[in-house]
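Engineer: Dropping a structure here in structure tokens format, bear with me for questions.
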Amino acid sequence: YLSGVNIKAGQEVKFPVLITASGDGLTYGMQNFPVIVKSQNLDLTQEVTLQLLLRNPTPPLKNYLPSIGYTIDVPEEIDPRDNVKIKVYLSNKNSLDIKDLTISIRSDFYNSDRTVALSPLENRIESFDLNLDKNIKPITDMLTVKVKVGDTDFTPVSTPVEILAYKNTANDEVVTKSFLKTTTEYIYTNDGNIKDKETVKIKTSLFSQLFTKTIPKASVEKNNDGRFLLWELELESKESETIIYIKNYRALFYVLVLLILGIIGYYLFRSPVLVRKETEVLKIEDQGISHLKVIIHLRNRSNKSIDEVKLIDRIPQIASLDNDFAVGTLSPDKVIRHEHKGTIIKWNIPTLDPFEERIISYNVISKLKIIGGVTLPAAVVKFNGKGKRIKKILSNKVTSSYWFFPFSFILTLFYS
């Protein structure tokens, strides 16, 4: 390269020199570079040797590029109730000391990032706790793991993961007790992640059912194991339903108390005199009743004597009293025949001893033949009660019946 400059006497001149390397097979490194200065006016030439470093435009690399190998370990099926771990196996394949290796995990149900260091040629396992929401619905998702060093992204690794369905119905029981009443609340909660059907059975008995109330109302199932109250529950995830089971024996208690009080009151206030009336057909003529026997049972059922007992009985107009009294039978003290009331019969008994029973009987003759039957009025008993107060009791009314059978021998046999 030739160039020229003008320089005056005593003057210094600075000028640039442009140097360009050319040619093949250059030797890179320190080079001796001669610079020749020649005067055109004077026959003078001067050579200066300069030191010049010729640098390789593509020098060899002094640092390794990152080279990472990795795999993942995750279950194909995951129960969201379990504590599951995702394991990432890392391997540094050269001598590069990595300070900022980033691991990214992505899915619809889990996201996580972590930065770690990786020494030259180091193998390492990174664990991630996969704590899922227990209420997550069952799905099949794709879990993807990415690894990045600086600006270098490595090929992602993906694997399918199935979130399993599960059913778990929990039962909580609250019991409240009071007098002869027990209330039990059964609280059923579906802790699963899908809809659940639950059959609830409570053993019972026919007697116990009479005193049981349930909310909601239960159906009844009977099998070889016994009798059961039955409910069919359908619970969505996290849904609860309460069954109220009430056993109440208060009504039975009140009935028993009233019964006991009634019995006590009956024995306290019942009449000490008991009278019962019955009849017996003595004779049948022309397919009708013609003769009856009336029997009156009079009994003192107390342990004290009863004075001035009067027995009054009445015979309807359709019949009359047979005055022939059997031997040993107490005859009436007075017989009154009334135009409308019929025949009135009276007995006076001075004293009825404790637990004494008298049987009084008389015969009745029908004025007309009675076909079918006849009803006799109740007998009346009057006696002195406490404080000399007159008390009155009535016997039962009695009906004497007769049914005609066309076969005379059957009729005879029946009344024989």
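Here's how to read the names in the structure tokens: chain A, B, ... by the order shown, residue numbers from 1 in each chain, ligand numbers from 1 in the order shown.
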Among the residues of range 94-206 of chain A, find those DSSP assigns to strand (DSSP E) from the backbone and print them as a PyMOL selection string.
Structural biologist: chain A and resi 98-106+111-118+123-130+140-149+152-153+157-163+169-178+181-190+196-204
Engineer: So which residues touch Leu54 in chain A within 8 Å, counting only C-alpha atoms, skipping near sequence neighbours fewer than 5 positions away, as a PDB file with C-alpha atoms, in the first residue's frame?
Structural biologist:
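Result file follows (selection.pdb):
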ATOM      1  CA  THR A  27      -0.544 -17.685  10.906  1.00  0.00           C
ATOM      2  CA  TYR A  28      -2.312 -16.136  13.774  1.00  0.00           C
ATOM      3  CA  GLY A  29      -0.455 -14.628  16.688  1.00  0.00           C
ATOM      4  CA  MET A  30       2.273 -11.941  17.124  1.00  0.00           C
ATOM      5  CA  GLN A  31       3.684 -10.776  13.809  1.00  0.00           C
TER       6      GLN A  31
END
Engineer: Mind giving me the straight-line distance from CA of Thr115 in chain A to CA of Gly150 in chain A in Å, one decimal?
Structural biologist: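 Computing the Euclidean distance for CA of Thr115 in chain A and CA of Gly150 in chain A yields 11.0 Å.
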Engineer: To one decimal in Å, tell me the separation between CA of Leu230 in chain A and CA of Lys167 in chain A.
Structural biologist: 20.5 Å
Engineer: Near Asp353 in chain A, counting only C-alpha atoms, which residues have an atom at most 7 Å away, once you skip same-chain residues fewer than 5 positions from it, shown as a PyMOL selection string?
Structural biologist: chain A and resi 300+304-306
Engineer: Please indicate the distance in Å from CA of Ile318 in chain A to CA of Ile365 in chain A, rounded to one decimal place.
Structural biologist: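 Between CA of Ile318 in chain A and CA of Ile365 in chain A the gap works out to 8.9 Å.
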Engineer: I want to know what sits within 6 Å of Arg276 in chain A, based on only C-alpha atoms, with residues of the same chain fewer than 2 positions away left out; could you give that as a ChimeraX atom specification?
Structural biologist: /A:296-297,395
Engineer: Taking only C-alpha atoms into account, which of A:Val116, A:Leu164, A:Ile315, A:Val281 comes nearest Glu339 in chain A?
Structural biologist: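 Ranking A:Val116, A:Leu164, A:Ile315, A:Val281 by distance to Glu339 in chain A, first place goes to A:Ile315.
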Engineer: Please provide the set of residues having any atom within 12 Å of Ser39 in chain A, restricted to only C-alpha atoms, with same-chain residues fewer than 6 positions apart removed, written as a list of chain:residue names.
Structural biologist: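 Listing them by chain and then by number gives A:Ser3, A:Gly4, A:Val5, A:Asn6, A:Ile7, A:Thr45, A:Gln46, A:Glu47.
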Engineer: Just the selected residues (N, CA and C atoms), exported as a short mmCIF file (atom, residue, chain, number, x, y, z; two decimals), in the first residue's frame, please.
Structural biologist:
data_model
loop_
_atom_site.label_atom_id
_atom_site.label_comp_id
_atom_site.auth_asym_id
_atom_site.auth_seq_id
_atom_site.Cartn_x
_atom_site.Cartn_y
_atom_site.Cartn_z
N SER A 3 1.34 5.44 0.06
CA SER A 3 0.70 6.72 0.37
C SER A 3 1.79 7.77 0.57
N GLY A 4 1.42 9.00 0.59
CA GLY A 4 2.41 10.06 0.77
C GLY A 4 1.85 11.19 1.58
N VAL A 5 2.73 11.84 2.29
CA VAL A 5 2.34 13.00 3.10
C VAL A 5 3.37 14.09 2.87
N ASN A 6 3.02 15.32 3.06
CA ASN A 6 3.94 16.45 2.99
C ASN A 6 4.33 16.83 4.41
N ILE A 7 5.61 17.03 4.60
CA ILE A 7 6.11 17.37 5.92
C ILE A 7 7.12 18.52 5.78
N THR A 45 15.97 6.51 3.19
CA THR A 45 14.95 5.46 3.46
C THR A 45 15.13 4.98 4.89
N GLN A 46 14.01 4.85 5.58
CA GLN A 46 14.05 4.38 6.99
C GLN A 46 12.97 3.31 7.18
N GLU A 47 13.35 2.24 7.84
CA GLU A 47 12.41 1.13 8.06
C GLU A 47 12.20 0.97 9.57
#
Engineer: Excluding range 78-80 of chain A and residues on its chain fewer than 6 positions from it, collect all residues at most 6 Å away from it, counting only C-alpha atoms, and give them as a PyMOL selection string.
Structural biologist: chain A and resi 132+134+163-164
Engineer: List every residue of range 140-347 of chain A that DSSP, applied to the backbone of this structure, places in alpha helix (DSSP H), and write the result as a list in words.
Structural biologist: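 Secondary structure check on range 140-347 of chain A, alpha helix (DSSP H): Leu206, Phe207, Ser208, Gln209, Arg250, Ala251, Leu252, Phe253, Tyr254, Val255, Leu256, Val257, Leu258, Leu259, Ile260, Leu261, Gly262, Ile263, Ile264, Gly265, Tyr266, Tyr267, Leu268 and Phe269 of chain A.
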Engineer: Need the shell around range 184-186 of chain A: protein/DNA/RNA residues with any atom at most 7 Å away, counting only C-alpha atoms. Skip same-chain ones fewer than 4 positions apart. Format as a PyMOL selection string?
Structural biologist: chain A and resi 171-176+242-246
